[in-house]
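Below: the structure, in structure tokens.
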2 protein chains.
Amino acid sequence: MSYSTAVGARAALTLLVLLPLPCLAAQSARRDSGPSDEQVAMELRDAALASQNMAWDWVSELATRFGPRPAGSDNERQAAEWAAARLKSLGFANVHIESFPLTAWVRGTESGQIVAPVAQPLVLAALGESPPTPAGGLEGEVVIFPTFDDLKSAPAASLTGKIAFVAEHMVRTQDGAGYGVAVAARSDGPAEAAKRGAIAFVLRSVGTDSNRIAHTGTTRYVDGRVPVPAFALSAPDAEQLERLAALGEKVRIRLFSTASYVKDAHSQNVIADVPGRTHPEEVVLLGAHLDSWDQGTGAIDDGTGTAIITAAAELIREIPRHPARRTVRVVLFGSEEVAQPTAPFGAFGGHSYVDNHKAELPGHVLAGESDFGTDRIYRVALPAGVMKSDFATTVMRVLQPIGVLASHQASGEGGTDIGPAVGAGVPVFELFQDGSRYFDIHHTSDDTLDKIDREQLDQNVAAWAALVWLAADSEVDFRAPAPAAPAAAH
Amino acid sequence: MSYSTAVGARAALTLLVLLPLPCLAAQSARRDSGPSDEQVAMELRDAALASQNMAWDWVSELATRFGPRPAGSDNERQAAEWAAARLKSLGFANVHIESFPLTAWVRGTESGQIVAPVAQPLVLAALGESPPTPAGGLEGEVVIFPTFDDLKSAPAASLTGKIAFVAEHMVRTQDGAGYGVAVAARSDGPAEAAKRGAIAFVLRSVGTDSNRIAHTGTTRYVDGRVPVPAFALSAPDAEQLERLAALGEKVRIRLFSTASYVKDAHSQNVIADVPGRTHPEEVVLLGAHLDSWDQGTGAIDDGTGTAIITAAAELIREIPRHPARRTVRVVLFGSEEVAQPTAPFGAFGGHSYVDNHKAELPGHVLAGESDFGTDRIYRVALPAGVMKSDFATTVMRVLQPIGVLASHQASGEGGTDIGPAVGAGVPVFELFQDGSRYFDIHHTSDDTLDKIDREQLDQNVAAWAALVWLAADSEVDFRAPAPAAPAAAH
């Protein structure tokens, strides 16, 4: 399915390349006589589609030089320093790093085996923030729950000394809705299992692939700790356990992990501006995160997000003959992936940004976040107050030719990193990406550079550059309330 | 590419299902009045296509109960005992196990990291028969060779203290020809690297996928030992090293393995017959191997091979109203995957069979081997002497409707397990499978049951059952020389 999706998208983009690409020189000439914002947005869009390089070069060097960038790690810090230097050398203004403390989690050595009925290795990954097993590992009989609801229905003490296994499958969808459903077991499974006496919790990876690769991801602290060691099994391993049970066998497994915590770690946000011409205090905020899970190289999650927003801002900085009215700000957040033992329990990069920039937030006119891989954008959502405006009409004239439809719903929460800003009242736009194959590699060792489709990456940059330009060079009030609905006819 | 191949095959098979399937009862009635061999072959073929169960049930239980079955392991022995019991209960004759000694190799704990310029984990797998590293691991600068020929051209002593890395890519082809080219580096790389002073050898996995999964496989003993520790990197890791070097970095890596040898291990072949009616001493030999690499569950390599030949023989035992003239023998070989330190250096299962059955070999009229995964058969090759015979014409009438073409070349060597028998003069047939996606998972942890396409599996059984029936119920002499070519016209 993932391949046909990519092929379909490529075919769509190939069509687009057949559209007349405006000649940049001619456009510049037109700008002398005052090109409209729409013309500039189209120029930005088409330049992004023609480039194939800017975002790719960024994510390629990031994922290659630093590999995995776990929150609070040396790799994350070095990547932030590299990004800041790169943004400075590109000519961004106000480039700086803002550090904040956190409790880091470090995967140690880990392994798993079926020990009965016949010895077999298991492919698994400890969930983020999961405590280590005892030094000699732990072993127990597996109790299989087809769904997380089944586990939550199990009687008290029914799992004493056993290992709870939730075999629930994630549903593949374009919009990623399957993740929201399946991830509940990852977040709350360890606590629910522990409540019933389980010595450990395992689940089928929250993912849509059938590779022998496990998907990690954070679980939840309860009263400052994750209650029991918790692991994700690869899909084939989960199915192996289910088939063994179906053959009538009692299955025993052994789990081992030396995971640990670093209480005094630091993470950081990187900030860079393209200052506004007439309203520099008004900010369009673009967010993505520099940290990644520890087994892949964070190419898709979220190296490409940082590449998309940086390339879009760089095009806006370079191509139009004059800066936009408003400031375009890029924030490369740290520590998006991990939970924390203390309030606010996560999104420490996003909260740190809000804490440091509280006074500026009323001037934040709009925010958006890129954190859903590399595949094409197919839908745009705008704040309720502008959904029916001329601004929205212009946006659609620019974006629909590259395969982006208008959402019938107003924009929602935007994403984890900008969540605290949005919670503080900053309006949000959403450029929804095709997530059909995103969860094949999300949070796995397989999140590597080769998984990026460069044409789709550029389509993302095109949509971001065009939309952000239109918002930043406008005087639209994205906080405006939605117009009242006309009174119903009798 | 792999998906479109599978989809294409499925479309072809769907068409076939539209062909009128002969009603089994009607066929039985026809057989009372003497159905032709061709009619029986078609009946066998169509029964296999209609089943979806026999081969699947075999490979599912084998791969689930025993998981990986490395040569000489307990799992391999238990799988052989299970297979023998299953063959007996199915009603096969002469079911027994023939044991033979070998030196086994056991993967231990293993790991790899980039240590400079920035620490990053590597996904790798020790090559089979590779010696362990020193207890603390080994570390060195990586010298990259784009091809194995480049390594072989390096001057003496040019790699002293360094780690040789061959980055050569395997070419994806339908017939697997890319493997034969790429595998040279795996077989001879450690010796060529050691000759030039290298402390270790790594290569890009001999495979066609881009998953973060390494492909193991045997390397070669030289004077009774593999000269240096040797590892396969996953494709993304190989590309990461190449990109780091392209950024101008000197790359250092650390390698660790506790692999070991077991000198007094045993493996075994499982033998089962469908006795011939009139010429029981004449044998059509069907081979596949029960051992597997140690990280997957040997579903594709070669659980399906054992399932295909067993299901084909079982159909022949069950469906025709009388046994074939000749004996159909199933041999599930042990120890196909590994090299040995002493002559004949490999294929110990195949050599053991020939040693134990020397006196019967002149009566072995034909042999075939199934060891190329689960995907559809697209070509058949017969011995030179029968290529233009009525037998071949009948074979094609039965097989072409299920998508099998005639090879323009006579059959070759048949495969590793039957190789020693073929070397001793036994004629061979070949049913070539589509290998387009085989090397995506070959010799990896990803060789699991979910990778099997059940429709294509059944197409294999159909072709095997039909062809083997035609050979076994015939009096064709497959040893006959090819007819002399007519004299060229002036």
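In the structure tokens, chains take the letters A, B, ... in the order shown, each chain's residues start at 1, and ligands count up from 1 in the order shown.
Every chain B residue lying within 8 Å of chain A, based on only C-alpha atoms, is listed here: Tyr3, Thr64, Arg65, Phe66, Gly67, Pro68, Asn75, Pro117, Val118, Ala119, Gln120, Pro121, Ser210, Asn211, Arg212, Pro236, Gln240, Arg243, Leu244, Gln295, Ser445, Asp446, Thr448, Leu449 and Asp450 of chain B.
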Could you please take those selected residues and save C-alpha atoms as a tab-separated table (two decimals), in the first residue's frame?
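For reference, selection_26.tsv as written:
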```tsv
chain	number	residue	atom	x	y	z
B	3	TYR	CA	4.49	-5.35	-4.35
B	64	THR	CA	5.69	-21.05	14.49
B	65	ARG	CA	6.63	-24.02	16.67
B	66	PHE	CA	10.36	-24.05	16.04
B	67	GLY	CA	11.21	-20.55	14.82
B	68	PRO	CA	14.81	-20.41	13.65
B	75	ASN	CA	15.44	-26.38	17.08
B	117	PRO	CA	32.94	11.67	14.05
B	118	VAL	CA	29.76	11.34	16.19
B	119	ALA	CA	28.56	8.25	18.08
B	120	GLN	CA	25.78	6.37	16.29
B	121	PRO	CA	24.56	2.79	16.52
B	210	SER	CA	16.26	-0.83	2.27
B	211	ASN	CA	15.18	-1.94	5.72
B	212	ARG	CA	17.32	-1.47	8.78
B	236	PRO	CA	20.79	2.19	5.37
B	240	GLN	CA	25.28	6.25	6.24
B	243	ARG	CA	27.63	9.66	3.20
B	244	LEU	CA	29.76	10.43	6.25
B	295	GLN	CA	17.53	-14.58	13.14
B	445	SER	CA	15.30	-11.65	10.89
B	446	ASP	CA	12.47	-10.61	8.58
B	448	THR	CA	8.79	-14.68	8.87
B	449	LEU	CA	5.48	-16.27	8.02
B	450	ASP	CA	3.65	-13.05	7.16
```
Fewer than 4 positions away in the same chain doesn't count, so skip those; otherwise give me all residues within 8 Å of Ala311 in chain B, counting only C-alpha atoms, as a short mmCIF file (atom, residue, chain, number, x, y, z; two decimals) with C-alpha atoms, in the first residue's frame.
```cif
data_model
loop_
_atom_site.label_atom_id
_atom_site.label_comp_id
_atom_site.auth_asym_id
_atom_site.auth_seq_id
_atom_site.Cartn_x
_atom_site.Cartn_y
_atom_site.Cartn_z
CA MET B 54 -1.88 -27.94 2.72
CA ALA B 55 1.46 -26.19 2.19
CA ALA B 307 5.99 -27.30 2.44
CA LEU B 315 -1.34 -34.76 -3.37
CA VAL B 461 2.56 -26.84 -5.21
CA ALA B 465 2.60 -31.94 -8.14
#
```
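If only C-alpha atoms are the atoms counted, then among B:Gly197, B:Gly298, B:Pro132, B:Pro323 the closest residue to Val274 in chain B is B:Pro323.
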Each residue of range 312-333 of chain A lying at most 12 Å from range 97-112 of chain A should get a row with its shortest atom-to-atom pair and the distance in Å to one decimal, counting only C-alpha atoms; could you produce that, ordered by chain and increasing number, as CSV?
```
residue,atom,partner,partner_atom,distance
A:Val330,CA,A:Ile97,CA,11.9
A:Val331,CA,A:Ile97,CA,9.7
A:Leu332,CA,A:Ile97,CA,9.4
A:Phe333,CA,A:Glu98,CA,9.5
```
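Taking CA of Glu192 in chain A and CA of Ser158 in chain A as endpoints, the distance between them is 11.6 Å.
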Legend entry - alpha helix (DSSP H) residues, from DSSP on the backbone, in range 61-161 of chain B, as a PyMOL selection string: chain B and resi 61-66+74-90+148-152
Limited to C-alpha atoms, could you put the picked residues into a file as a PDB file, in the first residue's frame?
```
ATOM      1  CA  GLU B  61       3.280 -24.836  12.097  1.00  0.00           C
ATOM      2  CA  LEU B  62       6.966 -25.391  11.293  1.00  0.00           C
ATOM      3  CA  ALA B  63       7.910 -21.703  11.472  1.00  0.00           C
ATOM      4  CA  THR B  64       5.692 -21.048  14.490  1.00  0.00           C
ATOM      5  CA  ARG B  65       6.633 -24.024  16.668  1.00  0.00           C
ATOM      6  CA  PHE B  66      10.360 -24.050  16.036  1.00  0.00           C
ATOM      7  CA  ASP B  74      18.084 -28.254  19.055  1.00  0.00           C
ATOM      8  CA  ASN B  75      15.442 -26.376  17.080  1.00  0.00           C
ATOM      9  CA  GLU B  76      16.573 -28.006  13.839  1.00  0.00           C
ATOM     10  CA  ARG B  77      16.501 -31.472  15.440  1.00  0.00           C
ATOM     11  CA  GLN B  78      13.060 -30.921  16.985  1.00  0.00           C
ATOM     12  CA  ALA B  79      11.734 -29.661  13.665  1.00  0.00           C
ATOM     13  CA  ALA B  80      13.075 -32.806  11.963  1.00  0.00           C
ATOM     14  CA  GLU B  81      11.386 -35.025  14.558  1.00  0.00           C
ATOM     15  CA  TRP B  82       8.124 -33.109  14.088  1.00  0.00           C
ATOM     16  CA  ALA B  83       8.397 -33.402  10.304  1.00  0.00           C
ATOM     17  CA  ALA B  84       9.048 -37.152  10.464  1.00  0.00           C
ATOM     18  CA  ALA B  85       6.075 -37.679  12.797  1.00  0.00           C
ATOM     19  CA  ARG B  86       3.871 -35.578  10.529  1.00  0.00           C
ATOM     20  CA  LEU B  87       4.961 -37.456   7.390  1.00  0.00           C
ATOM     21  CA  LYS B  88       4.268 -40.780   9.125  1.00  0.00           C
ATOM     22  CA  SER B  89       0.832 -39.669  10.212  1.00  0.00           C
ATOM     23  CA  LEU B  90       0.080 -38.529   6.666  1.00  0.00           C
ATOM     24  CA  PHE B 148      34.706  -6.101  -4.176  1.00  0.00           C
ATOM     25  CA  ASP B 149      37.033  -5.790  -7.162  1.00  0.00           C
ATOM     26  CA  ASP B 150      38.295  -2.536  -5.669  1.00  0.00           C
ATOM     27  CA  LEU B 151      39.231  -4.378  -2.474  1.00  0.00           C
ATOM     28  CA  LYS B 152      40.941  -7.109  -4.458  1.00  0.00           C
TER      29      LYS B 152
END
```
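Nearest residue to Ala125 in chain A among A:Ala482, A:Ala230, A:Ser352, A:Arg196 is A:Ala230, counting only C-alpha atoms.
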Mind checking DSSP for range 336-478 of chain A and telling me the strand (DSSP E or B) residues as a PDB file with all heavy atoms, in the first residue's frame?
```pdb
ATOM      1  N   ALA A 339       8.218  11.739  27.455  1.00  0.00           N
ATOM      2  CA  ALA A 339       7.404  12.136  28.597  1.00  0.00           C
ATOM      3  C   ALA A 339       8.337  12.544  29.737  1.00  0.00           C
ATOM      4  O   ALA A 339       9.528  12.232  29.736  1.00  0.00           O
ATOM      5  CB  ALA A 339       6.513  10.980  29.030  1.00  0.00           C
ATOM      6  N   GLY A 346       5.263  16.594  29.479  1.00  0.00           N
ATOM      7  CA  GLY A 346       5.752  16.400  28.105  1.00  0.00           C
ATOM      8  C   GLY A 346       5.827  17.718  27.388  1.00  0.00           C
ATOM      9  O   GLY A 346       5.553  18.775  27.972  1.00  0.00           O
ATOM     10  N   HIS A 364       1.991  36.791  18.246  1.00  0.00           N
ATOM     11  CA  HIS A 364       2.087  35.599  17.403  1.00  0.00           C
ATOM     12  C   HIS A 364       0.756  35.450  16.654  1.00  0.00           C
ATOM     13  O   HIS A 364      -0.238  35.032  17.230  1.00  0.00           O
ATOM     14  CB  HIS A 364       2.363  34.358  18.251  1.00  0.00           C
ATOM     15  CG  HIS A 364       3.814  34.208  18.636  1.00  0.00           C
ATOM     16  ND1 HIS A 364       4.600  35.261  19.056  1.00  0.00           N
ATOM     17  CD2 HIS A 364       4.633  33.111  18.650  1.00  0.00           C
ATOM     18  CE1 HIS A 364       5.819  34.817  19.316  1.00  0.00           C
ATOM     19  NE2 HIS A 364       5.877  33.524  19.080  1.00  0.00           N
ATOM     20  N   VAL A 365       0.768  35.805  15.387  1.00  0.00           N
ATOM     21  CA  VAL A 365      -0.498  35.865  14.652  1.00  0.00           C
ATOM     22  C   VAL A 365      -0.948  34.508  14.140  1.00  0.00           C
ATOM     23  O   VAL A 365      -2.132  34.298  13.885  1.00  0.00           O
ATOM     24  CB  VAL A 365      -0.407  36.853  13.464  1.00  0.00           C
ATOM     25  CG1 VAL A 365      -0.130  38.261  13.985  1.00  0.00           C
ATOM     26  CG2 VAL A 365       0.640  36.422  12.450  1.00  0.00           C
ATOM     27  N   LEU A 366      -0.007  33.583  13.978  1.00  0.00           N
ATOM     28  CA  LEU A 366      -0.348  32.281  13.402  1.00  0.00           C
ATOM     29  C   LEU A 366       0.813  31.326  13.648  1.00  0.00           C
ATOM     30  O   LEU A 366       1.973  31.758  13.685  1.00  0.00           O
ATOM     31  CB  LEU A 366      -0.586  32.438  11.885  1.00  0.00           C
ATOM     32  CG  LEU A 366      -1.253  31.277  11.132  1.00  0.00           C
ATOM     33  CD1 LEU A 366      -2.666  31.018  11.652  1.00  0.00           C
ATOM     34  CD2 LEU A 366      -1.307  31.578   9.627  1.00  0.00           C
ATOM     35  N   ALA A 367       0.502  30.037  13.818  1.00  0.00           N
ATOM     36  CA  ALA A 367       1.556  29.034  14.021  1.00  0.00           C
ATOM     37  C   ALA A 367       1.195  27.757  13.266  1.00  0.00           C
ATOM     38  O   ALA A 367       0.015  27.462  13.063  1.00  0.00           O
ATOM     39  CB  ALA A 367       1.722  28.728  15.511  1.00  0.00           C
ATOM     40  N   GLY A 368       2.229  27.052  12.843  1.00  0.00           N
ATOM     41  CA  GLY A 368       2.026  25.756  12.191  1.00  0.00           C
ATOM     42  C   GLY A 368       3.173  24.828  12.530  1.00  0.00           C
ATOM     43  O   GLY A 368       4.270  25.288  12.886  1.00  0.00           O
ATOM     44  N   GLU A 369       2.939  23.517  12.441  1.00  0.00           N
ATOM     45  CA  GLU A 369       3.964  22.540  12.820  1.00  0.00           C
ATOM     46  C   GLU A 369       4.064  21.462  11.739  1.00  0.00           C
ATOM     47  O   GLU A 369       3.040  20.997  11.222  1.00  0.00           O
ATOM     48  CB  GLU A 369       3.584  21.918  14.170  1.00  0.00           C
ATOM     49  CG  GLU A 369       4.556  20.874  14.687  1.00  0.00           C
ATOM     50  CD  GLU A 369       4.295  20.516  16.158  1.00  0.00           C
ATOM     51  OE1 GLU A 369       3.865  21.412  16.930  1.00  0.00           O
ATOM     52  OE2 GLU A 369       4.503  19.349  16.519  1.00  0.00           O
ATOM     53  N   ILE A 377       1.439  16.863   1.050  1.00  0.00           N
ATOM     54  CA  ILE A 377       0.336  17.533   1.735  1.00  0.00           C
ATOM     55  C   ILE A 377      -0.901  17.420   0.855  1.00  0.00           C
ATOM     56  O   ILE A 377      -0.826  17.667  -0.353  1.00  0.00           O
ATOM     57  CB  ILE A 377       0.695  19.006   1.999  1.00  0.00           C
ATOM     58  CG1 ILE A 377       1.824  19.083   3.032  1.00  0.00           C
ATOM     59  CG2 ILE A 377      -0.526  19.793   2.466  1.00  0.00           C
ATOM     60  CD1 ILE A 377       2.477  20.427   3.130  1.00  0.00           C
ATOM     61  N   TYR A 378      -2.013  17.032   1.453  1.00  0.00           N
ATOM     62  CA  TYR A 378      -3.242  16.883   0.656  1.00  0.00           C
ATOM     63  C   TYR A 378      -4.392  17.720   1.178  1.00  0.00           C
ATOM     64  O   TYR A 378      -5.461  17.753   0.566  1.00  0.00           O
ATOM     65  CB  TYR A 378      -3.645  15.403   0.573  1.00  0.00           C
ATOM     66  CG  TYR A 378      -4.163  14.811   1.868  1.00  0.00           C
ATOM     67  CD1 TYR A 378      -5.523  14.659   2.094  1.00  0.00           C
ATOM     68  CD2 TYR A 378      -3.283  14.409   2.877  1.00  0.00           C
ATOM     69  CE1 TYR A 378      -6.005  14.125   3.287  1.00  0.00           C
ATOM     70  CE2 TYR A 378      -3.746  13.881   4.063  1.00  0.00           C
ATOM     71  CZ  TYR A 378      -5.108  13.734   4.261  1.00  0.00           C
ATOM     72  OH  TYR A 378      -5.560  13.208   5.451  1.00  0.00           O
ATOM     73  N   ARG A 379      -4.192  18.413   2.291  1.00  0.00           N
ATOM     74  CA  ARG A 379      -5.315  19.182   2.831  1.00  0.00           C
ATOM     75  C   ARG A 379      -4.766  20.319   3.696  1.00  0.00           C
ATOM     76  O   ARG A 379      -3.748  20.157   4.346  1.00  0.00           O
ATOM     77  CB  ARG A 379      -6.199  18.264   3.673  1.00  0.00           C
ATOM     78  CG  ARG A 379      -7.466  18.915   4.206  1.00  0.00           C
ATOM     79  CD  ARG A 379      -8.447  17.864   4.724  1.00  0.00           C
ATOM     80  NE  ARG A 379      -9.036  17.102   3.626  1.00  0.00           N
ATOM     81  CZ  ARG A 379      -9.594  15.896   3.755  1.00  0.00           C
ATOM     82  NH1 ARG A 379      -9.615  15.295   4.922  1.00  0.00           N
ATOM     83  NH2 ARG A 379     -10.111  15.287   2.700  1.00  0.00           N
ATOM     84  N   VAL A 380      -5.479  21.437   3.659  1.00  0.00           N
ATOM     85  CA  VAL A 380      -5.096  22.576   4.496  1.00  0.00           C
ATOM     86  C   VAL A 380      -6.288  23.005   5.345  1.00  0.00           C
ATOM     87  O   VAL A 380      -7.424  23.038   4.857  1.00  0.00           O
ATOM     88  CB  VAL A 380      -4.574  23.755   3.634  1.00  0.00           C
ATOM     89  CG1 VAL A 380      -5.598  24.200   2.602  1.00  0.00           C
ATOM     90  CG2 VAL A 380      -4.157  24.949   4.502  1.00  0.00           C
ATOM     91  N   ALA A 381      -6.014  23.290   6.594  1.00  0.00           N
ATOM     92  CA  ALA A 381      -7.051  23.796   7.493  1.00  0.00           C
ATOM     93  C   ALA A 381      -6.603  25.147   8.040  1.00  0.00           C
ATOM     94  O   ALA A 381      -5.442  25.313   8.439  1.00  0.00           O
ATOM     95  CB  ALA A 381      -7.308  22.823   8.643  1.00  0.00           C
ATOM     96  N   LEU A 405      -6.267  20.109  -0.948  1.00  0.00           N
ATOM     97  CA  LEU A 405      -7.686  20.452  -0.849  1.00  0.00           C
ATOM     98  C   LEU A 405      -7.935  21.287   0.410  1.00  0.00           C
ATOM     99  O   LEU A 405      -7.147  21.239   1.359  1.00  0.00           O
ATOM    100  CB  LEU A 405      -8.528  19.170  -0.757  1.00  0.00           C
ATOM    101  CG  LEU A 405      -8.385  18.183  -1.910  1.00  0.00           C
ATOM    102  CD1 LEU A 405      -9.190  16.909  -1.611  1.00  0.00           C
ATOM    103  CD2 LEU A 405      -8.848  18.827  -3.218  1.00  0.00           C
ATOM    104  N   ALA A 406      -9.044  21.993   0.407  1.00  0.00           N
ATOM    105  CA  ALA A 406      -9.442  22.742   1.598  1.00  0.00           C
ATOM    106  C   ALA A 406     -10.153  21.823   2.569  1.00  0.00           C
ATOM    107  O   ALA A 406     -10.997  21.023   2.171  1.00  0.00           O
ATOM    108  CB  ALA A 406     -10.369  23.890   1.201  1.00  0.00           C
ATOM    109  N   VAL A 428      -3.790  28.759  14.644  1.00  0.00           N
ATOM    110  CA  VAL A 428      -2.985  27.706  14.042  1.00  0.00           C
ATOM    111  C   VAL A 428      -3.493  27.377  12.639  1.00  0.00           C
ATOM    112  O   VAL A 428      -4.691  27.498  12.354  1.00  0.00           O
ATOM    113  CB  VAL A 428      -3.004  26.454  14.954  1.00  0.00           C
ATOM    114  CG1 VAL A 428      -4.386  25.841  15.016  1.00  0.00           C
ATOM    115  CG2 VAL A 428      -2.001  25.423  14.517  1.00  0.00           C
ATOM    116  N   GLU A 430      -3.000  24.189   9.604  1.00  0.00           N
ATOM    117  CA  GLU A 430      -2.535  22.800   9.497  1.00  0.00           C
ATOM    118  C   GLU A 430      -2.419  22.407   8.036  1.00  0.00           C
ATOM    119  O   GLU A 430      -3.346  22.610   7.249  1.00  0.00           O
ATOM    120  CB  GLU A 430      -3.510  21.851  10.221  1.00  0.00           C
ATOM    121  CG  GLU A 430      -3.474  22.037  11.727  1.00  0.00           C
ATOM    122  CD  GLU A 430      -4.605  21.322  12.455  1.00  0.00           C
ATOM    123  OE1 GLU A 430      -5.777  21.485  12.048  1.00  0.00           O
ATOM    124  OE2 GLU A 430      -4.318  20.612  13.428  1.00  0.00           O
ATOM    125  N   LEU A 431      -1.263  21.890   7.681  1.00  0.00           N
ATOM    126  CA  LEU A 431      -1.041  21.335   6.340  1.00  0.00           C
ATOM    127  C   LEU A 431      -0.936  19.829   6.530  1.00  0.00           C
ATOM    128  O   LEU A 431       0.107  19.319   6.969  1.00  0.00           O
ATOM    129  CB  LEU A 431       0.225  21.939   5.725  1.00  0.00           C
ATOM    130  CG  LEU A 431       0.080  23.389   5.237  1.00  0.00           C
ATOM    131  CD1 LEU A 431       1.434  24.038   4.994  1.00  0.00           C
ATOM    132  CD2 LEU A 431      -0.785  23.457   3.966  1.00  0.00           C
ATOM    133  N   PHE A 432      -2.013  19.129   6.249  1.00  0.00           N
ATOM    134  CA  PHE A 432      -2.079  17.694   6.546  1.00  0.00           C
ATOM    135  C   PHE A 432      -1.320  16.893   5.493  1.00  0.00           C
ATOM    136  O   PHE A 432      -1.586  17.019   4.302  1.00  0.00           O
ATOM    137  CB  PHE A 432      -3.527  17.220   6.597  1.00  0.00           C
ATOM    138  CG  PHE A 432      -4.311  17.798   7.736  1.00  0.00           C
ATOM    139  CD1 PHE A 432      -5.277  18.764   7.514  1.00  0.00           C
ATOM    140  CD2 PHE A 432      -4.067  17.382   9.040  1.00  0.00           C
ATOM    141  CE1 PHE A 432      -6.003  19.309   8.568  1.00  0.00           C
ATOM    142  CE2 PHE A 432      -4.798  17.912  10.103  1.00  0.00           C
ATOM    143  CZ  PHE A 432      -5.759  18.889   9.868  1.00  0.00           C
ATOM    144  N   GLN A 433      -0.440  16.038   5.962  1.00  0.00           N
ATOM    145  CA  GLN A 433       0.333  15.187   5.052  1.00  0.00           C
ATOM    146  C   GLN A 433      -0.296  13.809   4.933  1.00  0.00           C
ATOM    147  O   GLN A 433      -0.971  13.338   5.850  1.00  0.00           O
ATOM    148  CB  GLN A 433       1.757  15.042   5.592  1.00  0.00           C
ATOM    149  CG  GLN A 433       2.545  16.335   5.551  1.00  0.00           C
ATOM    150  CD  GLN A 433       3.899  16.159   6.210  1.00  0.00           C
ATOM    151  OE1 GLN A 433       4.065  16.454   7.383  1.00  0.00           O
ATOM    152  NE2 GLN A 433       4.852  15.665   5.453  1.00  0.00           N
TER     153      GLN A 433
END
```
Inset, instruction - Might you pull out every residue within 10 Å of Ala41 in chain A, with only C-alpha atoms counted and same-chain residues fewer than 6 positions away left off, and present them as JSON, numbers by chain? - result: {"A": [35, 47, 316, 320, 394, 395, 398, 399, 462, 463, 464, 465, 466, 467, 468, 469, 470]}
Legend entry - Residues within 9 Å of Val476 in chain A, only C-alpha atoms, excluding chain neighbours under 4 positions, as number ranges by chain: A: 365, 386, 391, 471-472, 480
Legend entry - Residue with smallest distance to Ile309 in chain B - pool B:Gln400, B:Ser267, B:Asn460, B:Thr218, counting only C-alpha atoms: B:Asn460
Legend entry - Spatial neighbours of Gln52 in chain B, max dist 8 Å, only C-alpha atoms, sep filter under 3 positions, as JSON, numbers by chain: {"B": [48, 49, 55, 56, 454, 455, 458]}
Inset, instruction - Within 9 Å of range 180-191 of chain A, counting only C-alpha atoms, which residues show up once you throw out same-chain ones fewer than 3 positions away? Write them as a PyMOL selection string, please. - result: chain A and resi 127+130+147-149+151-152+164+166+168-171+176-177+194-196+198+200-203+205-207+217-222+226-232
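We find CA of Asp273 in chain A and CA of Ala93 in chain A to be spaced 5.0 Å apart.
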Legend entry - Residue neighbourhood Val142 in chain B, 9 Å, only C-alpha atoms, exclusion window fewer than 6 positions, as JSON, numbers by chain: {"B": [162, 163, 164, 165, 241, 250, 251, 252, 253]}
